[in-house]
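S.K.: The structure under discussion is supplied below as structure tokens; questions concerning it will follow.
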Amino acid sequence: MALWLQEIDKAKARGAGTDLQALSDFSRGKAPNELSPPQQLADRKRFLDQSLQDEETSGRLFERIISGNELQDVNYLARGARAARAIARVVIRTPSGQLAGYGTGFLIAPRVLITNHHVLENAAASARSQAQFEYEVDLDGRPLAPVTFGLMPSELFYSSKELDFTVVAVQPLAEVGETSLDTYGCLPLVGTQGKVADGEWLTIIQHPGGERKQVCVRENKLLKRDKDVLWYSTDTLGGSSGSPTFNNDWYVVALHHSGVPEERDGRIQTVHGTDFDPAKHGEQDIKWIANEGIRVSRIVETLTQSLADHPLLRPVFRATPESARILPTSVDKLRSTAAPAWRRPDPSVSAPTAPQGEPPMDHQSTRTVLVTLEIDPSGQARVVGSAGASLEATSGSFEARPNPSEGAPFDVPFNAKYDDREGYAEDFLAPGAVSVKLPELSPALAQAAAVLIGAPADAGPEKHLLKYHNYAVVMHKTRRLALFSAANVDFSGRFAMSRPTDVWRTDPRIKLEEQLSNFYYARNQFDRGHLTRREDLEFGSTRKAALQSAADTCHWTNCTPQHAKFNQNKELWQGVERHVLEDAIERDSFKAQVITGPVLQEDDPVWDRFPEIQYPVRFWKVVAALNSENELFATAYILDQSEVIDQYGIEAAPAIPFTDFKTFQVPIAEVERLTGLTFTASVNGTDASLQDFDPLKTKAARRARRPRGAGRAESVGIVAPDGYLPLGSLDDIIR
């Protein structure tokens with residue numbers, strides 16, 4: 001039996017003994033103060049007080065609600081439009097990728113979708129299905145092209161057959177293009193009682209039968225409740241499973257999942273007046289006398305009992321009547337045919353009709369790429385993609401490569417088994433002659449480092465090492481950030497390529513709770529800052545290898561909260577690696593080894609929204625290379641973002657006036673002191689401290705005298721601790 005038919009049987013059993021049709025007829029024309037018991041009304045008033053934080057205003061609204069007064073402030077419509085953005089059509093696919101059906105779902109946290117268990121019953125079904133936002137018509141009635149996101153049950157999947165709900169993680173970026181999931185907001189679930197009283201009107205926003213998004217506004221009266229469900233009259237169709245059911249203030253009160261059908265002589269009736277036959281009819285053919293939704297309070301209670309510590313669900317557990325209130329949004333969020341070209345209506349659909357089989361898709365939904373290979377007389381190859389993107393081989397050039405805003409029209413192959421990752425090669429600079437070792441952990445750090453799942457206890461340092469293409473990471477298990485990220489970098493033999501969309505991934509080789517993922521980076525000034533930069537690893541023997549190497553940097557293990565102004569400053573911090581190699585250009589050698597990480601200190605600050613997570617305010621970098629005499633040298637750097645964060649904060653805000661983060665060249669010994677790591681090397685078989693190859697130590701370095709004001713460090717008057725060399729430009733670096 002189909003799962004949705006099982007839910008109908010359960011709904012009939014729950015409603016046994018109640019004539020819901022008679023109850024609907026009895027409720028018609030009656031207000032909540034005639035239908036609701038006193039305790040229910042008291043809970044309703046208390047919820048309004050908590051939501052509005054103004055007893056006078058909530059008192060007036062309460063009297064209006066319980067008396068059945070249907071007048072609303074005009075911002076009711078704008079708030080509803082904002083709520084609707086978080087609702088998606090769920091596209092259900094078979095193991096072979098064929099369309100199996102549709103449902104509705106909505107975001108309850110920045111990366112968490114909820115729908116029914118009978119829509120997505122297991123992780124495997126979720127992994128092959130999708131969430132499509134903006135599958136709707138615009139202000140002019142023209143169909144918009146959907147924006148599709150993949151689901152990630154590997155990060156979060158929980159399903160309750162009893163309560164018929166599933167929660168699953170969603171990819172942070174659209175499958176095609178660069179649309180962020182954050183664009184759509186979320187509808188927090190509030191476990192507090194009192195969101196709705198018997199006799200109040202409800203609203204459902206839904207994708208009935210897989211059609212474009214529709215709304216049934218305030219024609220749905222709450223009839224009855226029990227411990228797990230609400231019963232209400234409404235106009236829904238098959239495919240509406242998983243829709244949010246709202247009160248008149250746009251709080252979600254229930255997850256719509258099924259209904260109680262009309263029966264005659266024990267047989268379910270269809271809207272056509274015939275007996276229902278599961279061999280001929282679908283859910284959309286049934287005639288309902290009432291519908292049923294799972295109470296939000298029960299869903300929150302179940303998630304709290306089962307997944308109380310899951311980081312993606314923390315926004316759900318922290319939601320309050322005040323924090324979850326939907327506020328009005330400006331009309332620029334409502335689309336029309338006057339929208340920019342990249343969001344114009346779907347030209348392949350002439351009218352908002354119901355789909356037949358797979359819906360028409362525009363260029364945002366296809367992954368097919370046709371390319372032409374051209375070879376000129378000199379032997380240079382040029383590949384032109386279907387979108388006109390060109391890929392040209394380059395060699396030994398530090399020129400800026402194209403970095404188009406649109407994602408490249410192709411996917412990067414990804415091996416989820418991780419068995420092809422070689423990690424960091426210690427002898428990368430000069431095999432057999434020079435070896436820059438991975439940092440050694442102090443005993444305290446070894447205790448704090450995350451351990452690979454299933455690694456033997458006696459595996460030594462390897463049990464902590466996450467190997468990727470051309471780099472490796474060791475994580476701090478409680479800080480959920482990298483202790484270090486060590487990379488091999490080769491600036492020769494690169495390809496000028498369109499950049500595919502970043503797809504950020506958790507690493508299944510360590511526990512999820514030991515990784516800080518996208519929930520922490522939403523609605524603030526923090527960027528998802530690479531430690532090992534994507535740009536540094538865009539190399540390889542083939543274009544495919546270069547793409548895989550670069551894409552592998554988009555793991556949350558290689559990410560740290562970096563203020564947006566720092567992460568986007570390419571003049572100093574992001575230019576160090578290339579600058580130290582300028583002496584090597586004449587030798588046609590462009591290799592470096594770059595080890596970087598955050599300075600993790602006990603007194604690091606926290607963000608109020610996540611008080612259990614400390615974020616770093618300083619970062620370090622050690623760069624090793626061979627100079628023009630083929631000799632090893634290594635330099636170290638510290639960047640401090642504390643003053644800017646103190647001044648401007650980290651909450652999301654408009655562009656701010658900005659003075660540079662403080663960047664210093666420091667002795668390698670200072671990085672060892674701050675981190676508890678030890679840096680070593682081997683040259684011609686002789687082991688040594690990497691400090692012995694640091695120009696700040698070996699040359700007893702002094703900055704060359706320069707005219708006052710020639711360097712930005714002098715002009716801004718940076719005060720440096722002893723041994724710290726302020727950097728105002730790359731020219732200030734001592735090599």
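As shown in the structure tokens, the chain order sets the letters A, B, ...; within each chain, residues go from 1, and ligands are also counted from 1 in the order they appear.
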For Phe619 of chain A, list every protein, DNA or RNA residue within 9 Å, evaluated using only C-alpha atoms, and leave out those in the same chain fewer than 3 positions away; present the list as a tab-separated table (two decimals) with C-alpha atoms, in the first residue's frame.
M.R.:
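Saved to result.tsv:
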```
chain	number	residue	atom	x	y	z
A	596	THR	CA	47.90	28.05	7.68
A	597	GLY	CA	45.34	28.09	10.47
A	598	PRO	CA	43.54	30.09	13.13
A	599	VAL	CA	45.11	31.08	16.45
A	600	LEU	CA	42.85	29.22	18.90
A	616	PRO	CA	39.20	33.15	16.23
A	637	TYR	CA	52.74	35.87	9.14
A	638	ILE	CA	50.01	36.84	11.60
A	639	LEU	CA	46.78	38.63	10.74
A	640	ASP	CA	44.68	40.23	13.47
A	641	GLN	CA	41.00	41.07	12.90
```
S.K.: Segment 124-262 of chain A: which residues are strand (DSSP E or B) by DSSP, as a PyMOL selection string?
M.R.: chain A and resi 130-133+137+143-144+147-151+157-160+165-170+173+180+201-206+214-225+229-232+244-246+252-261
S.K.: Identify which of the residues A:Asn627, A:Gln53, A:Thr553, A:Asn247 lies closest to Val503 of chain A, counting only C-alpha atoms when measuring atom-to-atom distances.
M.R.: A:Thr553
S.K.: Can you pull out the residues contacting Val119 of chain A? Cut-off 10 Å, using only C-alpha atoms, and skip same-chain residues under 4 positions away; I want them as a list in words.
M.R.: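 What passes the distance filter is Leu3, Trp4, Val90, Val91, Ile92, Gly101, Tyr102, Gly103, Thr104, Gly105, Thr115, Ala125, Ser126, Asp164, Phe165, Thr166, Gly239, Ser241, Gly242 and His257 of chain A.
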S.K.: I'd like to know which of A:Ile87, A:Val217, A:Ala197, A:Ile613 is closest to Asp43 of chain A, using only C-alpha atoms.
M.R.: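 Closest to Asp43 of chain A of all the choices is A:Ala197.
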S.K.: How far is it from atom CA of Thr192 of chain A to atom CA of Arg225 of chain A, in Å with one decimal?
M.R.: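 Atom-to-atom, atom CA of Thr192 of chain A to atom CA of Arg225 of chain A, that is 15.5 Å.
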S.K.: Just want the 8 Å neighbourhood of Gly80 of chain A, counted on only C-alpha atoms, with same-chain residues fewer than 4 positions away dropped. Output as a PyMOL selection string.
M.R.: chain A and resi 76+84+250
S.K.: So that I have them on file, write out the residues from the current selection with N, CA and C atoms, as a PDB file, in the first residue's frame.
M.R.:
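Listed below is the output, result-v3.pdb:
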```
ATOM      1  N   TYR A  76      -0.170  42.343   6.205  1.00  0.00           N
ATOM      2  CA  TYR A  76      -0.453  40.901   6.215  1.00  0.00           C
ATOM      3  C   TYR A  76      -0.059  40.261   4.882  1.00  0.00           C
ATOM      4  N   ALA A  84       6.104  32.834   2.074  1.00  0.00           N
ATOM      5  CA  ALA A  84       6.010  31.917   0.934  1.00  0.00           C
ATOM      6  C   ALA A  84       7.358  31.612   0.306  1.00  0.00           C
ATOM      7  N   TRP A 250       0.889  34.285  10.521  1.00  0.00           N
ATOM      8  CA  TRP A 250       1.955  33.649   9.740  1.00  0.00           C
ATOM      9  C   TRP A 250       2.934  32.834  10.583  1.00  0.00           C
TER      10      TRP A 250
END
```
S.K.: Between A:Leu465, A:Val190, A:Leu120, A:Ile510, which one has atoms that come closest to Ile453 of chain A, using only C-alpha atoms?
M.R.: A:Ile510
S.K.: Among the residues of segment 183-247 of chain A, find those DSSP assigns to helix (DSSP H, G or I) from the backbone and print them as a list in words.
M.R.: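 Selecting the helix (DSSP H, G or I) positions of segment 183-247 of chain A gives Thr183, Tyr184, Pro208, Gly209 and Gly210 of chain A.
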S.K.: Can you spit out the residues from that selection as a PDB file, in the first residue's frame, using C-alpha atoms?
M.R.:
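Resulting contents of part_19.pdb:
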```pdb
ATOM      1  CA  THR A 183      17.920  33.946  -0.162  1.00  0.00           C
ATOM      2  CA  TYR A 184      14.731  32.152   0.864  1.00  0.00           C
ATOM      3  CA  PRO A 208      -0.925  20.919  -5.139  1.00  0.00           C
ATOM      4  CA  GLY A 209      -0.325  18.024  -7.491  1.00  0.00           C
ATOM      5  CA  GLY A 210       3.150  19.368  -8.227  1.00  0.00           C
TER       6      GLY A 210
END
```
S.K.: Between A:Gly194, A:Gly59, A:Pro143, A:Pro456, which is the closest to Leu41 of chain A once you count only C-alpha atoms?
M.R.: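 Closest to Leu41 of chain A of all the choices is A:Gly194.
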S.K.: Between atom CA of Asn558 of chain A and atom CA of Val473 of chain A, what distance in Å does the model show, to one decimal?
M.R.: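 These two atoms are separated by 7.1 Å.
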S.K.: Closest to Lys45 of chain A among A:Arg533, A:Lys195, A:Arg673, A:Arg142, using only C-alpha atoms?
M.R.: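 When distances to Lys45 of chain A are compared using only C-alpha atoms, the smallest one comes from A:Lys195.
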